[in-house]
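The file protein.txt contains compact mmCIF, C-alpha atoms:
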# COMPACT_ATOMS: atom_id res chain seq x y z
CA MET A 493 49.52 -19.20 -38.40
CA ASN A 494 49.27 -15.40 -38.64
CA THR A 495 51.17 -13.59 -35.89
CA THR A 496 51.93 -10.04 -34.89
CA TYR A 497 54.79 -8.61 -32.87
CA VAL A 498 54.01 -4.88 -32.86
CA LEU A 499 52.87 -3.25 -29.61
CA GLU A 500 50.97 0.02 -29.95
CA VAL A 501 51.07 2.25 -26.84
CA THR A 502 49.08 5.40 -26.20
CA TYR A 503 50.69 7.85 -23.77
CA CYS A 504 50.63 11.56 -22.95
CA LEU A 505 53.34 14.19 -22.92
CA THR A 506 53.83 16.32 -19.84
CA ALA A 507 52.91 19.98 -20.11
CA GLU A 508 56.59 20.91 -19.76
CA ALA A 509 57.56 18.54 -22.58
CA ARG A 510 54.95 20.04 -24.90
CA ARG A 511 56.18 23.56 -24.16
CA ARG A 512 59.79 22.47 -24.68
CA ILE A 513 59.02 20.89 -28.03
CA CYS A 514 57.09 23.98 -29.09
CA ARG A 515 60.02 26.21 -28.12
CA GLU A 516 62.44 24.01 -30.06
CA THR A 517 60.36 23.36 -33.17
CA GLY A 518 57.68 25.99 -33.24
CA GLU A 519 55.04 23.25 -33.33
CA MET A 520 52.83 22.39 -30.36
CA PRO A 521 52.44 18.59 -30.17
CA VAL A 522 49.09 17.12 -29.28
CA ASP A 523 48.73 15.83 -25.75
CA GLU A 524 48.04 12.21 -26.70
CA GLN A 525 50.86 10.37 -28.50
CA ARG A 526 51.48 6.87 -29.82
CA VAL A 527 54.64 4.82 -29.85
CA TYR A 528 55.32 1.35 -31.24
CA PHE A 529 57.54 -1.43 -29.86
CA ASP A 530 58.76 -4.73 -31.22
CA LEU A 531 57.69 -7.35 -28.68
CA ARG A 532 60.45 -9.65 -29.89
CA GLU A 533 63.01 -7.25 -28.46
CA ALA A 534 61.56 -7.54 -24.95
CA THR A 535 62.56 -10.24 -22.49
CA PRO A 536 59.95 -12.77 -21.32
CA GLU A 537 59.86 -10.98 -17.94
CA GLN A 538 59.25 -7.63 -19.66
CA ARG A 539 56.54 -9.10 -21.87
CA GLU A 540 54.87 -10.52 -18.75
CA GLN A 541 54.58 -7.02 -17.26
CA ILE A 542 53.38 -5.57 -20.57
CA LEU A 543 50.70 -8.24 -20.98
CA ARG A 544 49.31 -7.44 -17.52
CA VAL A 545 48.08 -4.20 -19.09
CA ALA A 546 47.95 -4.79 -22.84
CA LYS A 547 44.86 -5.89 -24.76
CA VAL A 548 44.63 -7.91 -27.95
CA ASP A 549 41.89 -7.37 -30.51
CA ARG A 550 40.45 -10.00 -32.86
CA ASP A 551 43.01 -9.44 -35.60
CA GLY A 552 45.89 -9.92 -33.18
CA THR A 553 46.81 -6.26 -32.66
CA VAL A 554 48.45 -5.75 -29.27
CA PHE A 555 47.83 -2.33 -27.76
CA ILE A 556 47.84 -0.46 -24.46
CA GLN A 557 45.17 2.08 -23.60
CA TRP A 558 45.00 3.34 -20.05
CA GLY A 559 41.26 3.63 -19.61
CA ARG A 560 40.26 7.12 -18.59
CA TYR A 561 42.30 9.99 -19.98
CA GLU A 562 43.56 11.01 -16.56
CA ASN A 563 44.99 7.52 -16.01
CA ALA A 564 47.34 7.72 -18.98
CA PRO A 565 51.02 7.99 -17.92
CA ARG A 566 52.86 11.19 -18.84
CA PHE A 567 56.40 11.28 -20.15
CA ASP A 568 58.83 14.08 -20.94
CA SER A 569 59.72 12.31 -24.17
CA GLU A 570 58.93 9.15 -26.06
CA PRO A 571 59.26 6.33 -23.50
CA THR A 572 61.84 3.60 -23.82
CA LEU A 573 60.93 -0.07 -23.48
CA GLU A 574 62.36 -0.10 -19.95
CA GLN A 575 60.29 2.94 -18.95
CA LEU A 576 57.14 1.39 -20.43
CA VAL A 577 57.72 -1.88 -18.57
CA GLU A 578 58.08 -0.05 -15.25
CA VAL A 579 54.93 1.99 -15.87
CA CYS A 580 53.05 -1.20 -16.78
CA ARG A 581 54.21 -2.85 -13.57
CA GLN A 582 53.11 0.10 -11.40
CA TYR A 583 49.80 0.48 -13.24
CA ALA A 584 49.00 -3.24 -13.04
CA ASP A 585 49.95 -3.38 -9.36
CA GLU A 586 47.57 -0.50 -8.62
CA GLN A 587 44.80 -2.11 -10.65
CA ASP A 588 45.36 -5.41 -8.85
CA LYS A 589 45.19 -3.63 -5.51
CA GLU A 590 41.84 -2.05 -6.37
CA GLU A 591 40.48 -5.30 -7.82
CA ARG A 592 41.66 -7.22 -4.76
CA ALA A 593 39.78 -4.84 -2.48
CA HIS A 594 36.61 -5.06 -4.57
CA LEU A 595 36.72 -8.85 -4.77
CA ALA A 596 37.42 -9.21 -1.05
CA GLN A 597 34.42 -7.01 -0.29
CA ALA A 598 32.24 -8.95 -2.74
CA ILE A 599 33.23 -12.24 -1.11
CA GLU A 600 32.43 -10.90 2.37
CA GLU A 601 29.05 -9.70 1.14
CA LYS A 602 28.28 -13.10 -0.39
CA ILE A 603 29.26 -14.85 2.84
CA GLU A 604 26.97 -12.55 4.83
CA MET A 605 24.11 -13.14 2.38
CA ILE A 606 24.60 -16.91 2.68
CA ARG A 607 24.58 -16.64 6.48
CA ARG A 608 21.32 -14.70 6.38
CA ALA A 609 19.83 -17.30 4.02
CA ILE A 610 20.82 -20.04 6.48
CA GLN A 611 19.29 -18.11 9.38
CA LYS A 612 16.05 -17.75 7.40
CA HIS A 613 16.12 -21.44 6.40
CA ASP A 614 15.69 -20.30 2.80
CA PRO A 615 15.17 -23.43 0.66
CA SER A 616 16.16 -21.74 -2.62
CA LEU A 617 19.79 -21.40 -3.61
CA HIS A 618 19.43 -18.07 -5.41
CA SER A 619 21.93 -17.09 -8.07
CA HIS A 620 22.72 -13.80 -6.34
CA LEU A 621 24.35 -15.80 -3.53
CA LEU A 622 26.91 -17.28 -5.89
CA LEU A 623 30.20 -15.80 -7.01
CA HIS A 624 31.04 -16.58 -10.63
CA GLY A 625 33.79 -19.12 -11.10
CA SER A 626 35.96 -16.68 -13.04
CA ARG A 627 35.79 -14.19 -10.17
CA LEU A 628 36.72 -16.87 -7.66
CA LYS A 629 39.66 -17.86 -9.83
CA ARG A 630 40.75 -14.24 -10.12
CA ALA A 631 40.43 -13.81 -6.35
CA ARG A 632 42.77 -16.73 -5.78
CA GLU A 633 45.22 -15.30 -8.34
CA LEU A 634 45.24 -12.07 -6.33
CA GLY A 635 45.98 -13.95 -3.11
CA ILE A 636 42.51 -13.76 -1.56
CA ASP A 637 41.55 -16.68 0.66
CA THR A 638 38.24 -18.00 -0.69
CA THR A 639 37.98 -20.81 1.87
CA PRO A 640 35.43 -18.99 4.11
CA TYR A 641 33.16 -18.45 1.11
CA ASN A 642 33.51 -22.05 -0.05
CA ASN A 643 32.79 -23.34 3.46
CA ALA A 644 29.71 -21.13 3.86
CA LEU A 645 28.36 -22.22 0.49
CA LYS A 646 29.07 -25.88 1.25
CA GLU A 647 27.21 -25.63 4.56
CA TYR A 648 24.25 -23.97 2.87
CA LYS A 649 24.07 -26.64 0.17
CA GLN A 650 24.18 -29.39 2.80
CA LEU A 651 21.24 -27.76 4.60
CA GLN A 652 19.13 -27.42 1.45
CA PRO A 653 17.27 -30.77 1.82
CA GLN A 654 16.31 -29.86 5.39
CA PHE A 655 15.16 -26.37 4.39
CA ARG A 656 13.12 -27.73 1.47
CA GLU A 657 11.41 -30.23 3.75
CA GLU A 658 10.60 -27.45 6.21
CA GLU A 659 9.26 -25.31 3.37
CA ASN A 660 7.07 -28.16 2.12
CA GLN A 661 5.68 -28.63 5.63
CA ARG A 662 5.05 -24.89 5.95
CA LEU A 663 3.25 -24.78 2.60
CA GLU A 664 1.16 -27.80 3.52
CA GLU A 665 0.17 -26.19 6.81
CA LEU A 666 -0.62 -22.96 4.97
CA ARG A 667 -2.78 -24.90 2.52
CA LYS A 668 -4.66 -26.53 5.38
CA GLU A 669 -5.05 -23.19 7.12
CA GLN A 670 -6.45 -21.60 3.96
CA GLU A 671 -8.76 -24.57 3.54
CA ARG A 672 -9.98 -24.17 7.13
CA ALA A 673 -10.45 -20.44 6.59
CA GLU A 674 -12.45 -21.06 3.42
CA MET A 675 -14.60 -23.63 5.20
CA ALA A 676 -15.14 -21.15 8.01
CA LYS A 677 -16.27 -18.56 5.45
CA VAL A 678 -18.69 -21.06 3.95
CA GLU A 679 -20.07 -21.90 7.37
CA GLU A 680 -20.37 -18.20 8.20
CA ARG A 681 -22.27 -17.58 4.97
CA LYS A 682 -24.58 -20.48 5.79
CA ARG A 683 -25.08 -19.14 9.30
CA ARG A 684 -25.85 -15.65 8.02
CA GLU A 685 -28.24 -17.01 5.41
CA ALA A 686 -30.03 -19.11 8.04
CA GLU A 687 -30.20 -16.08 10.35
CA LYS A 688 -31.51 -13.98 7.48
CA LEU A 689 -34.25 -16.47 6.59
CA ALA A 690 -35.22 -16.86 10.24
CA TRP A 691 -35.48 -13.10 10.70
CA ILE A 692 -37.51 -12.69 7.52
CA LYS A 693 -39.88 -15.47 8.60
CA GLN A 694 -40.41 -13.87 12.01
CA HIS A 695 -40.20 -10.13 11.29
CA GLY A 696 -40.26 -9.55 7.54
CA SER A 697 -43.04 -7.80 5.70
CA GLU A 698 -45.43 -9.80 3.55
CA LEU A 699 -43.69 -8.52 0.44
CA LEU A 700 -40.28 -9.59 1.72
CA ARG A 701 -41.47 -13.03 2.86
CA ARG A 702 -43.24 -13.82 -0.38
CA ALA A 703 -40.42 -12.46 -2.59
CA VAL A 704 -37.78 -14.52 -0.78
CA ALA A 705 -39.99 -17.60 -0.85
CA ALA A 706 -40.28 -17.14 -4.60
CA GLY A 707 -36.48 -17.17 -4.92
CA HIS A 708 -35.83 -13.46 -5.51
CA ASP A 709 -32.72 -11.62 -4.33
CA CYS A 710 -34.00 -9.24 -1.66
CA ASP A 711 -30.82 -8.45 0.23
CA ARG A 712 -31.38 -4.67 0.12
CA ARG A 713 -34.98 -5.02 1.27
CA TYR A 714 -34.02 -7.40 4.06
CA LEU A 715 -31.29 -5.13 5.42
CA LEU A 716 -33.48 -2.03 5.23
CA GLU A 717 -36.36 -3.69 7.05
CA ARG A 718 -34.05 -5.07 9.71
CA ALA A 719 -32.27 -1.73 10.18
CA ALA A 720 -35.63 0.03 10.56
CA MET A 721 -36.55 -2.36 13.37
CA GLU A 722 -33.19 -2.62 15.17
CA TYR A 723 -31.88 0.93 14.61
CA PRO A 724 -34.89 3.26 14.36
CA GLY A 725 -33.94 6.69 13.07
CA PHE A 726 -30.75 5.44 11.38
CA VAL A 727 -30.20 5.31 7.62
CA LEU A 728 -28.53 2.21 6.22
CA ASP A 729 -25.93 3.48 3.74
CA TYR A 730 -26.53 0.65 1.28
CA ASN A 731 -25.17 2.65 -1.67
CA GLU A 732 -22.07 3.68 0.32
CA THR A 733 -22.37 7.39 -0.45
CA ALA A 734 -21.70 8.58 3.09
CA ASP A 735 -18.39 10.18 3.99
CA TRP A 736 -17.10 11.89 7.09
CA ARG A 737 -14.15 13.17 9.03
CA GLU A 738 -13.22 13.21 12.69
CA ARG A 739 -15.53 15.12 15.01
CA SER A 740 -13.89 17.29 17.66
CA CYS A 741 -15.76 17.88 20.93
CA PRO A 742 -19.20 16.37 20.11
CA THR A 743 -22.46 17.63 21.57
CA ILE A 744 -24.05 16.16 24.67
CA ASN A 745 -26.94 14.88 22.56
CA ALA A 746 -24.54 12.94 20.34
CA LEU A 747 -22.81 11.44 23.36
CA ASN A 748 -26.15 10.39 24.83
CA GLU A 749 -27.20 8.87 21.51
CA ARG A 750 -23.95 6.96 21.30
CA ASP A 751 -24.39 5.60 24.84
CA GLU A 752 -27.93 4.46 24.05
CA VAL A 753 -26.78 2.60 20.93
CA LEU A 754 -23.99 0.80 22.79
CA LYS A 755 -26.35 -0.09 25.62
CA ALA A 756 -28.82 -1.65 23.19
CA HIS A 757 -26.13 -3.19 20.96
CA PRO A 758 -22.98 -3.79 23.07
CA ASP A 759 -21.16 -5.73 20.35
CA VAL A 760 -21.15 -3.00 17.69
CA ARG A 761 -18.78 -0.10 17.06
CA CYS A 762 -20.31 3.34 17.38
CA SER A 763 -18.60 6.66 16.60
CA ILE A 764 -19.47 10.33 16.56
CA VAL A 765 -18.27 11.97 13.34
CA TRP A 766 -18.67 15.08 11.20
CA LEU A 767 -20.68 13.97 8.18
CA THR A 768 -19.52 15.50 4.88
CA SER A 769 -21.61 13.39 2.49
CA GLU A 770 -25.05 11.94 3.15
CA PRO A 771 -25.93 8.21 3.07
CA SER A 772 -28.39 6.73 0.60
CA ASN A 773 -30.13 3.43 -0.03
CA ALA A 774 -32.76 4.14 -2.69
CA PHE A 775 -32.95 1.80 -5.65
CA ASP A 776 -30.54 2.58 -8.43
CA HIS A 777 -31.60 2.61 -12.08
CA TYR A 778 -31.12 -1.15 -12.39
CA ASP A 779 -33.89 -1.86 -9.85
CA GLU A 780 -37.62 -1.65 -10.18
CA PRO A 781 -39.33 0.91 -7.92
CA ALA A 782 -41.31 -0.26 -4.92
CA ALA A 783 -44.70 -1.72 -5.75
CA PRO A 784 -47.89 0.18 -4.90
CA GLY A 785 -49.08 -0.67 -1.44
CA ASP A 786 -45.54 -1.41 -0.31
CA PRO A 787 -45.21 -0.99 3.47
CA ASP A 788 -43.40 2.13 4.57
CA MET A 789 -39.67 1.79 3.97
CA PRO A 790 -36.89 4.17 5.03
CA TYR A 791 -35.65 4.68 1.47
CA CYS A 792 -33.16 7.51 1.44
CA VAL A 793 -32.26 9.31 -1.79
CA TYR A 794 -28.80 10.86 -1.90
CA ASP A 795 -28.87 14.60 -1.32
CA GLU A 796 -25.72 16.23 -2.62
CA ASN A 797 -26.81 19.64 -1.29
CA ALA A 798 -27.27 18.52 2.30
CA PRO A 799 -25.18 20.59 4.75
CA GLU A 800 -22.39 19.01 6.75
CA ARG A 801 -23.42 17.97 10.23
CA GLU A 802 -22.69 15.95 13.33
CA ALA A 803 -23.66 12.29 12.97
CA ILE A 804 -23.58 8.87 14.62
CA ILE A 805 -21.96 6.02 12.70
CA VAL A 806 -22.65 2.38 13.63
CA VAL A 807 -20.72 -0.63 12.37
CA ASP A 808 -22.74 -3.80 12.92
CA PRO A 809 -21.44 -7.01 11.25
CA THR A 810 -25.02 -8.12 10.70
CA TYR A 811 -25.31 -5.57 7.90
CA ASN A 812 -22.54 -6.95 5.67
CA GLY A 813 -20.15 -4.03 6.07
CA LYS A 814 -22.78 -1.35 5.41
CA TYR A 815 -22.72 1.64 7.76
CA LEU A 816 -25.71 2.89 9.71
CA VAL A 817 -25.87 6.69 9.89
CA LYS A 818 -27.97 9.05 12.01

In structure tokens, how does this file's structure come out?
Amino acid sequence: MNTTYVLEVTYCLTAEARRRICRETGEMPVDEQRVYFDLREATPEQREQILRVAKVDRDGTVFIQWGRYENAPRFDSEPTLEQLVEVCRQYADEQDKEERAHLAQAIEEKIEMIRRAIQKHDPSLHSHLLLHGSRLKRARELGIDTTPYNNALKEYKQLQPQFREEENQRLEELRKEQERAEMAKVEERKRREAEKLAWIKQHGSELLRRAVAAGHDCDRRYLLERAAMEYPGFVLDYNETADWRERSCPTINALNERDEVLKAHPDVRCSIVWLTSEPSNAFDHYDEPAAPGDPDMPYCVYDENAPEREAIIVVDPTYNGKYLVK
């Protein structure tokens, strides 16, 4: 078995010691110094204090480095074994004090996190709630009572089956709620489609009735015809090109118009705004133009040069989220 008994210690000279040595020898020593000790010459008690600070590398070299430069002890001369042992004791005690405070705080934080998890009935025992076994062991070595942490964790673990059952019930209820919501959407789509077909049958133009009967998608045509009948003078912003900002102090005409809309359609939302971009609903380049002989339709081509103006905006759920603008 290969062994080593040499202890390598890094230390610093005091400023006064460096000046003294320079006066005596004419040579200015470097601040950082090294000294070597034979560990066999130390008592078991002394070696215990040394090993609280010393590190051992893979080849068995025992050495002491004090971390940051400012932490290194300063001596007026090369330290004796007794001086080194005392410095090691003081340094280790201070390090233990700091570590004890940090561990105690960490344990309190973990306990508080576990308490919050219990209050939330969290079914997942997350890793961030746990304190590593080595840290718990070190806490006990430093005299920290870990019983409150152990008790809190034990309580949480005992409640896990209950919390998981509650979570399963919650997820099942959520699934049913989503299923009900989806069914409601399907029913709403069916209702809207039935309403659409009924309106087309009763009020639609010949072109619209025949096109729908032939299975064509005529949603734009249907909404435009219906808007022309129910909201004369308004433009259905099918292409969603309209934009606006808040209108301050509207005109009396706008207020009257708004009142008339709400009187005729009490279930809609109607606002007076300052229009900054005009609405449009003309066919885009993917659609065929209207056929010759097509009944008059309020097709509106987007006009980017139109001046800003006061306008009435109507939100009617019948029109699938499209705004009506006048």

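For the choices A:Asn748, A:Arg662, A:Val501, A:Glu802, the atom-to-atom distance to Lys547 (chain A) is smallest for A:Val501 when using all atoms listed in the file.
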
**Prompt:** Which residues, written as a VMD selection string, have at least one atom at most 9 Å from Asp735 (chain A), with only C-alpha atoms counted and residues fewer than 3 positions away on the same chain left out?
**Reply:** chain A and resid 732 766 to 771

**Nearest-residue call for Arg512 (chain A), choices A:Asp614, A:Glu500, A:Asp568, A:Glu749, using all atoms listed in the file** = A:Asp568

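For the pair CA of Cys514 (chain A) and CA of Glu574 (chain A), the interatomic distance is 26.3 Å.
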
**Message:** What's around region 712-716 of chain A at 12 Å? Count all atoms listed in the file, leave out sequence neighbours fewer than 2 positions away in its own chain, and write the answer as an NGL selection string.
**Reply:** :A and (685 or 687-693 or 695-701 or 703-704 or 708-710 or 718-731 or 772-776 or 779 or 781-782 or 786-792 or 808-816)

Output of the above residues as a PDB file, in the frame of the given file, restricted to C-alpha atoms:
ATOM      1  CA  GLU A 685     -28.240 -17.010   5.410  1.00  0.00           C
ATOM      2  CA  GLU A 687     -30.200 -16.080  10.350  1.00  0.00           C
ATOM      3  CA  LYS A 688     -31.510 -13.980   7.480  1.00  0.00           C
ATOM      4  CA  LEU A 689     -34.250 -16.470   6.590  1.00  0.00           C
ATOM      5  CA  ALA A 690     -35.220 -16.860  10.240  1.00  0.00           C
ATOM      6  CA  TRP A 691     -35.480 -13.100  10.700  1.00  0.00           C
ATOM      7  CA  ILE A 692     -37.510 -12.690   7.520  1.00  0.00           C
ATOM      8  CA  LYS A 693     -39.880 -15.470   8.600  1.00  0.00           C
ATOM      9  CA  HIS A 695     -40.200 -10.130  11.290  1.00  0.00           C
ATOM     10  CA  GLY A 696     -40.260  -9.550   7.540  1.00  0.00           C
ATOM     11  CA  SER A 697     -43.040  -7.800   5.700  1.00  0.00           C
ATOM     12  CA  GLU A 698     -45.430  -9.800   3.550  1.00  0.00           C
ATOM     13  CA  LEU A 699     -43.690  -8.520   0.440  1.00  0.00           C
ATOM     14  CA  LEU A 700     -40.280  -9.590   1.720  1.00  0.00           C
ATOM     15  CA  ARG A 701     -41.470 -13.030   2.860  1.00  0.00           C
ATOM     16  CA  ALA A 703     -40.420 -12.460  -2.590  1.00  0.00           C
ATOM     17  CA  VAL A 704     -37.780 -14.520  -0.780  1.00  0.00           C
ATOM     18  CA  HIS A 708     -35.830 -13.460  -5.510  1.00  0.00           C
ATOM     19  CA  ASP A 709     -32.720 -11.620  -4.330  1.00  0.00           C
ATOM     20  CA  CYS A 710     -34.000  -9.240  -1.660  1.00  0.00           C
ATOM     21  CA  ARG A 718     -34.050  -5.070   9.710  1.00  0.00           C
ATOM     22  CA  ALA A 719     -32.270  -1.730  10.180  1.00  0.00           C
ATOM     23  CA  ALA A 720     -35.630   0.030  10.560  1.00  0.00           C
ATOM     24  CA  MET A 721     -36.550  -2.360  13.370  1.00  0.00           C
ATOM     25  CA  GLU A 722     -33.190  -2.620  15.170  1.00  0.00           C
ATOM     26  CA  TYR A 723     -31.880   0.930  14.610  1.00  0.00           C
ATOM     27  CA  PRO A 724     -34.890   3.260  14.360  1.00  0.00           C
ATOM     28  CA  GLY A 725     -33.940   6.690  13.070  1.00  0.00           C
ATOM     29  CA  PHE A 726     -30.750   5.440  11.380  1.00  0.00           C
ATOM     30  CA  VAL A 727     -30.200   5.310   7.620  1.00  0.00           C
ATOM     31  CA  LEU A 728     -28.530   2.210   6.220  1.00  0.00           C
ATOM     32  CA  ASP A 729     -25.930   3.480   3.740  1.00  0.00           C
ATOM     33  CA  TYR A 730     -26.530   0.650   1.280  1.00  0.00           C
ATOM     34  CA  ASN A 731     -25.170   2.650  -1.670  1.00  0.00           C
ATOM     35  CA  SER A 772     -28.390   6.730   0.600  1.00  0.00           C
ATOM     36  CA  ASN A 773     -30.130   3.430  -0.030  1.00  0.00           C
ATOM     37  CA  ALA A 774     -32.760   4.140  -2.690  1.00  0.00           C
ATOM     38  CA  PHE A 775     -32.950   1.800  -5.650  1.00  0.00           C
ATOM     39  CA  ASP A 776     -30.540   2.580  -8.430  1.00  0.00           C
ATOM     40  CA  ASP A 779     -33.890  -1.860  -9.850  1.00  0.00           C
ATOM     41  CA  PRO A 781     -39.330   0.910  -7.920  1.00  0.00           C
ATOM     42  CA  ALA A 782     -41.310  -0.260  -4.920  1.00  0.00           C
ATOM     43  CA  ASP A 786     -45.540  -1.410  -0.310  1.00  0.00           C
ATOM     44  CA  PRO A 787     -45.210  -0.990   3.470  1.00  0.00           C
ATOM     45  CA  ASP A 788     -43.400   2.130   4.570  1.00  0.00           C
ATOM     46  CA  MET A 789     -39.670   1.790   3.970  1.00  0.00           C
ATOM     47  CA  PRO A 790     -36.890   4.170   5.030  1.00  0.00           C
ATOM     48  CA  TYR A 791     -35.650   4.680   1.470  1.00  0.00           C
ATOM     49  CA  CYS A 792     -33.160   7.510   1.440  1.00  0.00           C
ATOM     50  CA  ASP A 808     -22.740  -3.800  12.920  1.00  0.00           C
ATOM     51  CA  PRO A 809     -21.440  -7.010  11.250  1.00  0.00           C
ATOM     52  CA  THR A 810     -25.020  -8.120  10.700  1.00  0.00           C
ATOM     53  CA  TYR A 811     -25.310  -5.570   7.900  1.00  0.00           C
ATOM     54  CA  ASN A 812     -22.540  -6.950   5.670  1.00  0.00           C
ATOM     55  CA  GLY A 813     -20.150  -4.030   6.070  1.00  0.00           C
ATOM     56  CA  LYS A 814     -22.780  -1.350   5.410  1.00  0.00           C
ATOM     57  CA  TYR A 815     -22.720   1.640   7.760  1.00  0.00           C
ATOM     58  CA  LEU A 816     -25.710   2.890   9.710  1.00  0.00           C
TER      59      LEU A 816
END

**Request:** Would you list the contacts of Leu747 (chain A) as a count of residues only, taking every protein, DNA or RNA residue within 9 Å and counting only C-alpha atoms, but skipping same-chain residues closer than 5 positions in sequence?
**Result:** 3

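Remark: for Glu659 (chain A), the closest of the candidate residues A:Glu578, A:Ala534, A:Lys612, A:Arg672 is A:Lys612 (distances computed over all atoms listed in the file).
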
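Counting all atoms listed in the file, Arg581 (chain A) has the following residues at most 10 Å away, ignoring those fewer than 2 positions along the same chain: Gln538, Glu540, Gln541, Ile542, Leu543, Arg544, Val545, Gln575, Leu576, Val577, Glu578, Val579, Tyr583, Ala584, Asp585, Glu586 and Gln587 of chain A.
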
**Request:** May I ask for the distance between CA of Glu604 (chain A) and CA of Asn642 (chain A), given in Å to one decimal place?
**Result:** 12.5 Å

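Minimum atom-to-atom distance to Thr639 (chain A), evaluated using only C-alpha atoms, belongs to A:Glu600 out of A:Glu590, A:Glu600, A:Glu658, A:Glu717.
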